[in-house]
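**Q** Enclosed is the structure file upload_34.pdb (PDB, C-alpha atoms).
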```pdb
ATOM      1  CA  MET A   1      54.552  34.256  36.014
ATOM      2  CA  ALA A   2      57.590  35.242  38.061
ATOM      3  CA  GLY A   3      57.461  31.882  39.793
ATOM      4  CA  THR A   4      58.552  30.188  36.561
ATOM      5  CA  THR A   5      62.024  31.705  36.902
ATOM      6  CA  GLN A   6      64.514  31.521  39.751
ATOM      7  CA  THR A   7      64.285  34.396  42.217
ATOM      8  CA  GLY A   8      67.899  35.336  41.485
ATOM      9  CA  ASP A   9      67.113  36.131  37.848
ATOM     10  CA  PRO A  10      67.466  39.903  37.131
ATOM     11  CA  ALA A  11      64.281  39.989  35.027
ATOM     12  CA  THR A  12      62.272  38.449  37.853
ATOM     13  CA  ARG A  13      63.724  40.798  40.468
ATOM     14  CA  ALA A  14      62.857  43.832  38.375
ATOM     15  CA  PHE A  15      59.344  42.607  37.682
ATOM     16  CA  VAL A  16      58.632  41.788  41.332
ATOM     17  CA  ALA A  17      60.017  45.165  42.436
ATOM     18  CA  HIS A  18      57.538  46.999  40.191
ATOM     19  CA  ARG A  19      54.618  44.572  40.370
ATOM     20  CA  ASN A  20      52.421  46.692  42.647
ATOM     21  CA  LEU A  21      52.929  49.733  40.433
ATOM     22  CA  LEU A  22      52.069  47.766  37.293
ATOM     23  CA  PHE A  23      48.961  46.265  38.884
ATOM     24  CA  THR A  24      47.706  49.674  40.011
ATOM     25  CA  VAL A  25      48.302  51.204  36.573
ATOM     26  CA  ALA A  26      46.381  48.373  34.921
ATOM     27  CA  TYR A  27      43.577  48.400  37.508
ATOM     28  CA  GLU A  28      43.052  52.152  37.224
ATOM     29  CA  MET A  29      42.874  51.840  33.460
ATOM     30  CA  LEU A  30      40.540  48.841  33.465
ATOM     31  CA  GLY A  31      38.522  48.988  36.699
ATOM     32  CA  SER A  32      38.938  45.237  36.961
ATOM     33  CA  ALA A  33      41.387  43.425  39.218
ATOM     34  CA  ALA A  34      40.966  40.193  37.257
ATOM     35  CA  ASP A  35      41.853  41.909  33.990
ATOM     36  CA  ALA A  36      44.709  43.764  35.688
ATOM     37  CA  GLU A  37      46.158  40.403  36.729
ATOM     38  CA  ASP A  38      45.877  39.211  33.125
ATOM     39  CA  VAL A  39      47.743  42.329  32.017
ATOM     40  CA  LEU A  40      50.489  41.502  34.521
ATOM     41  CA  GLN A  41      50.744  37.997  33.054
ATOM     42  CA  GLU A  42      51.081  39.398  29.523
ATOM     43  CA  THR A  43      53.584  41.971  30.745
ATOM     44  CA  TRP A  44      55.725  39.301  32.372
ATOM     45  CA  LEU A  45      55.701  37.122  29.253
ATOM     46  CA  ARG A  46      56.985  40.016  27.151
ATOM     47  CA  TRP A  47      59.419  41.250  29.800
ATOM     48  CA  ALA A  48      60.975  37.808  30.173
ATOM     49  CA  GLY A  49      62.121  37.955  26.544
ATOM     50  CA  VAL A  50      63.672  41.429  26.720
ATOM     51  CA  ASP A  51      67.426  41.983  26.510
ATOM     52  CA  LEU A  52      67.948  43.779  29.833
ATOM     53  CA  ASP A  53      71.333  45.129  28.737
ATOM     54  CA  ALA A  54      69.505  47.274  26.189
ATOM     55  CA  VAL A  55      67.033  48.682  28.741
ATOM     56  CA  GLN A  56      68.073  52.014  30.285
ATOM     57  CA  ASN A  57      65.046  52.469  32.574
ATOM     58  CA  GLN A  58      63.452  49.207  33.676
ATOM     59  CA  ARG A  59      60.514  50.885  35.466
ATOM     60  CA  ALA A  60      59.586  52.939  32.404
ATOM     61  CA  TYR A  61      59.975  49.925  30.114
ATOM     62  CA  LEU A  62      57.707  47.765  32.287
ATOM     63  CA  VAL A  63      55.103  50.529  32.555
ATOM     64  CA  ARG A  64      55.167  50.872  28.773
ATOM     65  CA  ILE A  65      54.510  47.158  28.285
ATOM     66  CA  ALA A  66      51.730  47.109  30.891
ATOM     67  CA  THR A  67      50.084  50.244  29.497
ATOM     68  CA  ARG A  68      50.028  48.890  25.968
ATOM     69  CA  GLN A  69      48.546  45.592  27.137
ATOM     70  CA  ALA A  70      45.962  47.439  29.237
ATOM     71  CA  LEU A  71      44.971  49.598  26.258
ATOM     72  CA  ILE A  72      44.382  46.492  24.137
ATOM     73  CA  ARG A  73      42.252  44.940  26.870
ATOM     74  CA  LEU A  74      40.440  48.215  27.610
ATOM     75  CA  ARG A  75      39.133  48.460  24.067
ATOM     76  CA  THR A  76      37.800  44.903  24.350
ATOM     77  CA  LEU A  77      36.155  45.692  27.695
ATOM     78  CA  ASP A  78      34.530  48.811  26.240
ATOM     79  CA  ARG A  79      32.819  46.640  23.627
ATOM     80  CA  ARG A  80      31.589  44.246  26.321
ATOM     81  CA  LYS A  81      30.161  47.101  28.381
ATOM     82  CA  GLU A  82      27.917  48.069  25.466
ATOM     83  CA  THR A  83      25.845  44.932  26.125
ATOM     84  CA  TYR A  84      26.235  44.854  29.924
ATOM     85  CA  VAL A  85      22.970  44.447  31.837
ATOM     86  CA  GLY A  86      22.342  47.436  34.110
ATOM     87  CA  PRO A  87      24.970  49.851  35.453
ATOM     88  CA  TRP A  88      28.609  48.752  35.198
ATOM     89  CA  LEU A  89      30.718  49.269  38.319
ATOM     90  CA  PRO A  90      34.437  48.634  38.838
ATOM     91  CA  GLU A  91      35.449  45.376  40.480
ATOM     92  CA  PRO A  92      35.758  46.151  44.214
ATOM     93  CA  LEU A  93      39.333  46.063  45.453
ATOM     94  CA  LEU A  94      39.943  45.304  49.119
ATOM     95  CA  THR A  95      42.521  47.848  50.297
ATOM     96  CA  ALA A  96      44.522  48.167  53.500
ATOM     97  CA  PRO A  97      43.650  51.021  55.891
ATOM     98  CA  ASP A  98      46.924  52.787  55.114
ATOM     99  CA  VAL A  99      45.817  53.279  51.506
ATOM    100  CA  ALA A 100      43.200  55.757  52.707
ATOM    101  CA  GLU A 101      46.020  57.767  54.299
ATOM    102  CA  ASP A 102      47.549  58.243  50.843
ATOM    103  CA  VAL A 103      44.919  60.732  49.695
ATOM    104  CA  GLU A 104      45.972  60.809  46.038
ATOM    105  CA  LEU A 105      46.095  57.030  45.674
ATOM    106  CA  ALA A 106      42.826  56.529  47.566
ATOM    107  CA  ASP A 107      41.130  59.126  45.373
ATOM    108  CA  SER A 108      42.457  57.606  42.156
ATOM    109  CA  VAL A 109      41.142  54.088  42.919
ATOM    110  CA  SER A 110      37.829  55.168  44.467
ATOM    111  CA  MET A 111      34.620  53.962  42.846
ATOM    112  CA  ALA A 112      33.644  57.567  42.141
ATOM    113  CA  MET A 113      36.930  58.371  40.392
ATOM    114  CA  LEU A 114      37.024  55.130  38.398
ATOM    115  CA  LEU A 115      33.540  55.933  37.112
ATOM    116  CA  VAL A 116      34.777  59.374  36.063
ATOM    117  CA  LEU A 117      37.690  57.733  34.237
ATOM    118  CA  GLU A 118      35.145  55.597  32.374
ATOM    119  CA  THR A 119      34.057  58.756  30.544
ATOM    120  CA  LEU A 120      37.515  59.206  28.984
ATOM    121  CA  THR A 121      38.738  57.603  25.784
ATOM    122  CA  PRO A 122      41.210  54.725  26.312
ATOM    123  CA  THR A 123      44.209  56.895  25.406
ATOM    124  CA  GLU A 124      43.010  59.802  27.563
ATOM    125  CA  ARG A 125      42.560  57.415  30.464
ATOM    126  CA  ALA A 126      46.053  55.995  30.082
ATOM    127  CA  VAL A 127      47.626  59.449  29.855
ATOM    128  CA  PHE A 128      45.667  60.757  32.847
ATOM    129  CA  VAL A 129      46.594  57.790  35.042
ATOM    130  CA  LEU A 130      50.266  57.844  34.111
ATOM    131  CA  ARG A 131      50.623  61.619  34.447
ATOM    132  CA  GLU A 132      48.257  62.645  37.242
ATOM    133  CA  VAL A 133      48.507  59.570  39.472
ATOM    134  CA  PHE A 134      52.045  58.337  38.876
ATOM    135  CA  ALA A 135      53.699  61.566  37.678
ATOM    136  CA  LEU A 136      55.489  60.010  34.716
ATOM    137  CA  ASP A 137      57.132  62.536  32.413
ATOM    138  CA  TYR A 138      55.632  63.221  29.002
ATOM    139  CA  ASP A 139      58.414  61.415  27.121
ATOM    140  CA  GLU A 140      57.775  58.197  29.069
ATOM    141  CA  ILE A 141      54.017  58.446  28.528
ATOM    142  CA  ALA A 142      54.524  59.155  24.825
ATOM    143  CA  GLU A 143      56.380  55.873  24.417
ATOM    144  CA  ALA A 144      53.722  53.999  26.367
ATOM    145  CA  VAL A 145      50.793  55.250  24.256
ATOM    146  CA  ASP A 146      52.622  55.586  20.918
ATOM    147  CA  LYS A 147      52.156  59.358  20.655
ATOM    148  CA  ASN A 148      54.626  62.210  20.477
ATOM    149  CA  PRO A 149      55.226  64.259  23.654
ATOM    150  CA  ALA A 150      53.428  67.333  22.279
ATOM    151  CA  ALA A 151      50.297  65.287  21.577
ATOM    152  CA  VAL A 152      50.524  63.722  25.039
ATOM    153  CA  ARG A 153      50.607  67.192  26.625
ATOM    154  CA  GLN A 154      47.416  68.128  24.787
ATOM    155  CA  ILE A 155      45.735  64.863  25.737
ATOM    156  CA  ALA A 156      46.781  65.313  29.371
ATOM    157  CA  HIS A 157      45.364  68.846  29.464
ATOM    158  CA  ARG A 158      42.078  67.709  27.915
ATOM    159  CA  ALA A 159      41.753  64.725  30.259
ATOM    160  CA  ARG A 160      42.661  66.815  33.321
ATOM    161  CA  SER A 161      39.968  69.390  32.485
ATOM    162  CA  HIS A 162      37.400  66.666  31.829
ATOM    163  CA  VAL A 163      38.118  64.868  35.090
ATOM    164  CA  GLY A 164      38.396  68.095  37.083
ATOM    165  CA  ALA A 165      34.827  69.027  36.196
ATOM    166  CA  ARG A 166      33.506  65.660  37.359
ATOM    167  CA  ARG A 167      35.793  64.416  40.132
ATOM    168  CA  PRO A 168      34.634  63.892  43.759
ATOM    169  CA  ARG A 169      34.167  67.115  45.699
ATOM    170  CA  GLY A 170      36.907  66.982  48.325
ATOM    171  CA  ASP A 171      38.634  65.316  51.235
ATOM    172  CA  VAL A 172      36.747  63.933  54.233
ATOM    173  CA  SER A 173      38.350  63.546  57.658
ATOM    174  CA  ALA A 174      38.724  60.117  59.221
ATOM    175  CA  ALA A 175      36.357  61.166  62.028
ATOM    176  CA  GLU A 176      33.664  62.232  59.546
ATOM    177  CA  THR A 177      34.086  58.981  57.662
ATOM    178  CA  ARG A 178      33.735  56.820  60.789
ATOM    179  CA  ALA A 179      30.692  58.764  61.974
ATOM    180  CA  ALA A 180      28.933  58.593  58.614
ATOM    181  CA  LEU A 181      29.694  54.903  58.137
ATOM    182  CA  GLY A 182      28.518  54.025  61.655
ATOM    183  CA  ALA A 183      25.282  55.996  61.334
ATOM    184  CA  PHE A 184      24.607  54.494  57.919
ATOM    185  CA  GLN A 185      25.308  50.929  59.059
ATOM    186  CA  ARG A 186      22.987  51.245  62.071
ATOM    187  CA  ALA A 187      20.208  52.704  59.939
ATOM    188  CA  VAL A 188      20.527  50.024  57.236
ATOM    189  CA  GLU A 189      20.701  47.073  59.646
ATOM    190  CA  THR A 190      17.614  48.246  61.544
ATOM    191  CA  GLY A 191      15.687  49.471  58.528
ATOM    192  CA  ASP A 192      15.531  52.925  60.131
ATOM    193  CA  LEU A 193      14.081  55.077  57.371
ATOM    194  CA  GLN A 194      14.545  58.371  59.209
ATOM    195  CA  GLY A 195      18.078  57.413  60.165
ATOM    196  CA  LEU A 196      18.843  56.855  56.492
ATOM    197  CA  LEU A 197      17.295  60.173  55.488
ATOM    198  CA  ASP A 198      19.461  61.899  58.105
ATOM    199  CA  ILE A 199      22.729  60.545  56.681
ATOM    200  CA  LEU A 200      21.953  60.556  52.945
ATOM    201  CA  ALA A 201      22.591  63.709  50.920
ATOM    202  CA  PRO A 202      19.476  65.054  49.142
ATOM    203  CA  ASP A 203      21.021  64.264  45.738
ATOM    204  CA  VAL A 204      22.523  60.875  46.691
ATOM    205  CA  VAL A 205      22.928  58.410  43.820
ATOM    206  CA  PHE A 206      22.652  54.636  44.202
ATOM    207  CA  LEU A 207      24.149  52.348  41.550
ATOM    208  CA  GLY A 208      23.727  48.579  41.609
ATOM    209  CA  ASP A 209      25.744  46.108  39.535
ATOM    210  CA  GLY A 210      24.363  42.607  39.206
ATOM    211  CA  GLY A 211      25.651  42.007  35.690
ATOM    212  CA  GLY A 212      22.383  40.346  34.747
ATOM    213  CA  VAL A 213      23.250  37.482  37.107
ATOM    214  CA  ALA A 214      22.336  38.800  40.563
ATOM    215  CA  GLN A 215      19.331  40.981  41.309
ATOM    216  CA  ALA A 216      20.154  44.696  41.197
ATOM    217  CA  ALA A 217      18.602  47.989  40.161
ATOM    218  CA  LEU A 218      18.828  48.296  36.375
ATOM    219  CA  SER A 219      19.145  52.079  36.423
ATOM    220  CA  PRO A 220      20.537  54.678  38.838
ATOM    221  CA  ILE A 221      18.323  55.633  41.789
ATOM    222  CA  VAL A 222      18.563  59.300  42.703
ATOM    223  CA  GLY A 223      17.425  61.230  45.766
ATOM    224  CA  ALA A 224      17.415  60.538  49.509
ATOM    225  CA  ASP A 225      13.746  59.484  49.670
ATOM    226  CA  SER A 226      14.061  56.903  46.879
ATOM    227  CA  VAL A 227      17.410  55.527  48.047
ATOM    228  CA  ALA A 228      16.303  55.320  51.701
ATOM    229  CA  ALA A 229      13.127  53.453  50.735
ATOM    230  CA  LEU A 230      15.169  51.009  48.633
ATOM    231  CA  LEU A 231      17.669  50.326  51.417
ATOM    232  CA  ALA A 232      15.084  50.065  54.204
ATOM    233  CA  GLY A 233      13.306  47.317  52.300
ATOM    234  CA  SER A 234      16.391  45.522  50.990
ATOM    235  CA  ARG A 235      18.078  42.321  52.104
ATOM    236  CA  LEU A 236      20.722  44.499  53.757
ATOM    237  CA  ALA A 237      18.151  45.388  56.427
ATOM    238  CA  SER A 238      17.091  41.828  57.160
ATOM    239  CA  ALA A 239      20.187  39.698  56.609
ATOM    240  CA  ALA A 240      23.266  39.001  58.691
ATOM    241  CA  PRO A 241      25.213  41.907  60.250
ATOM    242  CA  LEU A 242      27.198  43.958  57.768
ATOM    243  CA  GLN A 243      30.984  43.951  57.973
ATOM    244  CA  PRO A 244      32.822  47.282  57.639
ATOM    245  CA  ALA A 245      35.693  47.179  55.156
ATOM    246  CA  GLN A 246      38.096  49.384  53.243
ATOM    247  CA  VAL A 247      37.293  49.061  49.549
ATOM    248  CA  ASN A 248      39.038  51.093  46.859
ATOM    249  CA  GLY A 249      40.481  53.315  49.569
ATOM    250  CA  SER A 250      37.008  54.241  50.840
ATOM    251  CA  PRO A 251      34.603  52.961  53.524
ATOM    252  CA  ALA A 252      32.354  50.069  52.564
ATOM    253  CA  LEU A 253      30.032  47.453  54.018
ATOM    254  CA  VAL A 254      30.191  43.792  53.066
ATOM    255  CA  LEU A 255      27.213  41.452  53.279
ATOM    256  CA  ARG A 256      27.986  37.748  53.581
ATOM    257  CA  LEU A 257      25.276  35.136  53.179
ATOM    258  CA  ASP A 258      25.906  31.445  53.836
ATOM    259  CA  GLY A 259      29.572  32.278  54.357
ATOM    260  CA  GLU A 260      30.079  33.926  50.946
ATOM    261  CA  VAL A 261      30.299  37.564  49.877
ATOM    262  CA  ASP A 262      26.886  38.546  48.519
ATOM    263  CA  THR A 263      27.147  42.330  48.239
ATOM    264  CA  VAL A 264      29.846  44.959  48.541
ATOM    265  CA  LEU A 265      28.411  48.408  49.200
ATOM    266  CA  ALA A 266      30.984  51.181  48.771
ATOM    267  CA  LEU A 267      30.255  54.689  50.057
ATOM    268  CA  ARG A 268      31.149  58.137  48.831
ATOM    269  CA  ILE A 269      31.028  60.697  51.630
ATOM    270  CA  ASP A 270      31.068  64.470  51.188
ATOM    271  CA  GLU A 271      30.774  66.951  54.055
ATOM    272  CA  GLY A 272      29.512  64.292  56.462
ATOM    273  CA  LEU A 273      26.748  63.009  54.189
ATOM    274  CA  ILE A 274      26.650  60.033  51.834
ATOM    275  CA  THR A 275      26.476  61.234  48.235
ATOM    276  CA  GLY A 276      27.161  57.971  46.424
ATOM    277  CA  LEU A 277      26.397  54.296  47.042
ATOM    278  CA  TYR A 278      27.862  51.589  44.834
ATOM    279  CA  ALA A 279      26.467  48.078  45.324
ATOM    280  CA  VAL A 280      28.396  45.333  43.549
ATOM    281  CA  ARG A 281      26.560  42.000  43.402
ATOM    282  CA  ASN A 282      27.897  40.468  40.195
ATOM    283  CA  PRO A 283      29.489  37.193  41.441
ATOM    284  CA  GLU A 284      32.318  37.445  38.914
ATOM    285  CA  LYS A 285      33.374  40.776  40.413
ATOM    286  CA  LEU A 286      33.210  39.441  43.970
ATOM    287  CA  ALA A 287      35.331  36.322  43.450
ATOM    288  CA  ARG A 288      38.657  38.033  44.155
ATOM    289  CA  MET A 289      37.308  39.741  47.279
ATOM    290  CA  GLU A 290      35.972  36.399  48.501
ATOM    291  CA  ARG A 291      39.466  34.896  48.218
ATOM    292  CA  GLU A 292      41.127  37.871  49.901
ATOM    293  CA  THR A 293      38.708  37.983  52.817
ATOM    294  CA  GLU A 294      39.266  34.275  53.376
ATOM    295  CA  LEU A 295      43.039  34.817  53.452
ATOM    296  CA  ARG A 296      42.724  37.648  55.985
ATOM    297  CA  ARG A 297      40.625  35.661  58.419
TER     298      ARG A 297
END
```
Turn this file's structure into structure tokens for me.
**A**
Amino acid sequence: MAGTTQTGDPATRAFVAHRNLLFTVAYEMLGSAADAEDVLQETWLRWAGVDLDAVQNQRAYLVRIATRQALIRLRTLDRRKETYVGPWLPEPLLTAPDVAEDVELADSVSMAMLLVLETLTPTERAVFVLREVFALDYDEIAEAVDKNPAAVRQIAHRARSHVGARRPRGDVSAAETRAALGAFQRAVETGDLQGLLDILAPDVVFLGDGGGVAQAALSPIVGADSVAALLAGSRLASAAPLQPAQVNGSPALVLRLDGEVDTVLALRIDEGLITGLYAVRNPEKLARMERETELRR
């Protein structure tokens, strides 16, 4: 990618300066870090051949390339999901603690929000991400999605209303998050059924993603009693200690077996109780996290 050109090259400098933005745009559209990286590769290949003298706004131009590449890939991913075994969850993204302090960014990459974005059409998703998360103006978005600004305004309004009716309930303080995560971890590790019932919301939803490769629930499990019974009898209660982590800007627990990441369990917390649990076990979706946790050791 950028490493194929000298660091002094203007195209490389511009790409590197906006790389994090481009990755986040692609990830929020695709829910896959691996595919977001592929979008970055395609974006770089196209950007490297652009006449920079003819580009008035490099950031907008790069976002346009990345968005178009993400839309192409998103439509392919949507077809794959039609035959996916069991619930599909986004690829977990290991995030730094300071991401959680950026409430808007943490919300936009959370498992709960990414699942809401899954209910949008590809174009609606692109418009929502570019407008609501990154505050691009309608003219810029119009160029990125090949629509006129008036149509983009309508799409943005429709997507905003759709997401607003389904988005996570509200903010949770850091103290509430730590308390809920600690209580949940203790209850899971000890198989404490009552402890789990105390911290799980009555309407909690558990989703497991094994991709047909690793064992996981093939349909959502709803309700505190059912979810607590599942967790109390799971490998999480009898395996090695769980490792707290920050995943997609939210609290999570990571289970490692034989030195490798086996399960990433992301939590959604509302008003001090856990309302959503997202267990990713598909090895393909854990490969990036495995590499990143190794680098941080």
**Q** Determine the nearest neighbour of Ser226 of chain A from the options A:Asp9, A:Glu132, A:Asp146, A:Asp203, counting only C-alpha atoms.
**A** A:Asp203
**Q** Would you work out the distance separating atom CA of Val247 of chain A from atom CA of Val16 of chain A, expressed in Å to one decimal?
**A**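 Those two atoms sit 24.0 Å apart.
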**Q** Would you kindly return, as a ChimeraX atom specification, each protein, DNA or RNA residue with an atom no farther than 9 Å from any atom of Leu71 of chain A, considering all atoms listed in the file and excluding same-chain residues fewer than 5 positions away?
**A** /A:26,29-30,66,76,122-123,126,145
**Q** Can you work out which one of A:Thr275, A:Thr263, A:Ser173, A:Asn148 has the shortest atom-to-atom distance to Gln215 of chain A, counting all atoms listed in the file?
**A**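 When distances to Gln215 of chain A are compared using all atoms listed in the file, the smallest one comes from A:Thr263.
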**Q** Name the residues that the PyMOL selection byres ((chain A and resi 42-59) around 8) pulls out of this structure, and write them as a compact mmCIF listing (two decimals) with C-alpha atoms, in the frame of the given file.
**A**
```txt
# COMPACT_ATOMS: atom_id res chain seq x y z
CA MET A 1 54.55 34.26 36.01
CA ALA A 2 57.59 35.24 38.06
CA ALA A 11 64.28 39.99 35.03
CA THR A 12 62.27 38.45 37.85
CA ALA A 14 62.86 43.83 38.38
CA PHE A 15 59.34 42.61 37.68
CA HIS A 18 57.54 47.00 40.19
CA ASP A 38 45.88 39.21 33.12
CA VAL A 39 47.74 42.33 32.02
CA LEU A 40 50.49 41.50 34.52
CA GLN A 41 50.74 38.00 33.05
CA ALA A 60 59.59 52.94 32.40
CA TYR A 61 59.98 49.92 30.11
CA LEU A 62 57.71 47.76 32.29
CA VAL A 63 55.10 50.53 32.56
CA ILE A 65 54.51 47.16 28.28
CA ALA A 66 51.73 47.11 30.89
CA GLN A 69 48.55 45.59 27.14
```
**Q** Restricting the calculation to only C-alpha atoms: of A:Pro244, A:Gly211, A:Pro251, A:Pro202, which residue gets closest to Met111 of chain A?
**A**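 Counting only C-alpha atoms, the residue closest to Met111 of chain A is A:Pro251.
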**Q** One decimal, in Å: what's the spacing between atom CA of Gly223 of chain A and atom CA of Val204 of chain A?
**A**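 Value for the atom CA of Gly223 of chain A-atom CA of Val204 of chain A distance: 5.2 Å.
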**Q** I'd like the neighbourhood of segment 191-199 of chain A as a list in words, where a residue qualifies if any of its atoms comes within 8 Å (using only C-alpha atoms), though same-chain residues fewer than 3 positions away should be ignored.
**A**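 With the cut-off at 8 Å, the set is Ala180, Ala183, Phe184, Arg186, Ala187, Val188, Ala224, Asp225, Ala228, Ala229, Leu231, Ala232, Gly233, Ala237, Ser238, Gly272, Leu273 and Ile274 of chain A.
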**Q** Carefully work through the PyMOL selection byres ((chain A and resi 115) around 10) for this structure and note down the residues it includes, as a CSV table (one decimal) with C-alpha atoms, in the frame of the given file.
**A**
```csv
chain,number,residue,atom,x,y,z
A,31,GLY,CA,38.5,49.0,36.7
A,88,TRP,CA,28.6,48.8,35.2
A,89,LEU,CA,30.7,49.3,38.3
A,90,PRO,CA,34.4,48.6,38.8
A,109,VAL,CA,41.1,54.1,42.9
A,110,SER,CA,37.8,55.2,44.5
A,111,MET,CA,34.6,54.0,42.8
A,112,ALA,CA,33.6,57.6,42.1
A,113,MET,CA,36.9,58.4,40.4
A,114,LEU,CA,37.0,55.1,38.4
A,116,VAL,CA,34.8,59.4,36.1
A,117,LEU,CA,37.7,57.7,34.2
A,118,GLU,CA,35.1,55.6,32.4
A,119,THR,CA,34.1,58.8,30.5
A,120,LEU,CA,37.5,59.2,29.0
A,166,ARG,CA,33.5,65.7,37.4
A,167,ARG,CA,35.8,64.4,40.1
```
**Q** Just how far from atom CA of Ala70 of chain A is atom CA of Arg281 of chain A, in Å to one decimal?
**A**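 Atom CA of Ala70 of chain A lies 24.6 Å from atom CA of Arg281 of chain A.
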**Q** Which residue is closest to Pro241 of chain A? Choose from A:Thr190, A:Ala33, A:His162, A:Leu286 and count only C-alpha atoms.
**A** A:Thr190
**Q** Would you mind telling me which residue in A:Arg131, A:Arg178, A:Arg73, A:Arg256 lies nearest to His157 of chain A when using all atoms listed in the file?
**A** A:Arg131
**Q** Have a look at A:Val127, A:Ala216, A:Leu93, A:Ala142 and name the one nearest to Glu290 of chain A; count all atoms listed in the file.
**A**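 Among the listed residues, the smallest separation from Glu290 of chain A belongs to A:Leu93.
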**Q** For this file, the PyMOL selection byres ((chain A and resi 91) around 6) selects which residues, as a VMD selection string?
**A** chain A and resid 32 90 92 285
**Q** For the interface of segment 183-296 of chain A with segment 79-84 of chain A (cut-off 10 Å, counting all atoms listed in the file), please tabulate each contacting residue of segment 183-296 of chain A alongside its nearest pair of atoms and their separation in Å to one decimal, rows sorted by chain and increasing number, as JSON lines.
**A**
```
{"residue": "A:Asp209", "atom": "CA", "partner": "A:Tyr84", "partner_atom": "CA", "distance": 9.7}
{"residue": "A:Gly210", "atom": "CA", "partner": "A:Tyr84", "partner_atom": "CA", "distance": 9.7}
{"residue": "A:Gly211", "atom": "CA", "partner": "A:Tyr84", "partner_atom": "CA", "distance": 6.5}
{"residue": "A:Gly212", "atom": "CA", "partner": "A:Tyr84", "partner_atom": "CA", "distance": 7.6}
```
**Q** Tell me which protein, DNA and RNA residues are within 7 Å of Val133 of chain A, counting all atoms listed in the file, leaving out same-chain ones fewer than 3 positions away, and put them as a list in words.
**A** Ser108, Val129 and Leu130 of chain A
**Q** Write out all heavy atoms for segment 63-67 of chain A, as a CSV table (one decimal), keeping the file's coordinate frame.
**A**
```
chain,number,residue,atom,x,y,z
A,63,VAL,N,56.3,49.8,32.6
A,63,VAL,CA,55.1,50.5,32.6
A,63,VAL,C,54.6,50.6,31.1
A,63,VAL,O,53.4,50.5,30.8
A,63,VAL,CB,55.3,51.9,33.2
A,63,VAL,CG1,54.1,52.8,32.8
A,63,VAL,CG2,55.5,51.8,34.7
A,64,ARG,N,55.5,50.8,30.2
A,64,ARG,CA,55.2,50.9,28.8
A,64,ARG,C,54.5,49.6,28.3
A,64,ARG,O,53.5,49.6,27.7
A,64,ARG,CB,56.4,51.2,27.9
A,64,ARG,CG,56.1,51.3,26.4
A,64,ARG,CD,57.3,51.8,25.7
A,64,ARG,NE,58.3,50.7,25.6
A,64,ARG,CZ,59.6,50.9,25.1
A,64,ARG,NH1,59.9,52.1,24.7
A,64,ARG,NH2,60.4,50.0,25.1
A,65,ILE,N,55.1,48.4,28.7
A,65,ILE,CA,54.5,47.2,28.3
A,65,ILE,C,53.1,47.0,28.9
A,65,ILE,O,52.1,46.7,28.2
A,65,ILE,CB,55.4,46.0,28.7
A,65,ILE,CG1,56.8,46.0,28.1
A,65,ILE,CG2,54.7,44.6,28.4
A,65,ILE,CD1,57.7,45.0,28.6
A,66,ALA,N,53.0,47.3,30.2
A,66,ALA,CA,51.7,47.1,30.9
A,66,ALA,C,50.7,48.0,30.3
A,66,ALA,O,49.5,47.7,30.2
A,66,ALA,CB,51.9,47.3,32.4
A,67,THR,N,51.0,49.3,30.0
A,67,THR,CA,50.1,50.2,29.5
A,67,THR,C,49.6,49.8,28.1
A,67,THR,O,48.4,49.9,27.9
A,67,THR,CB,50.7,51.6,29.4
A,67,THR,OG1,51.1,52.1,30.7
A,67,THR,CG2,49.7,52.6,28.8
```
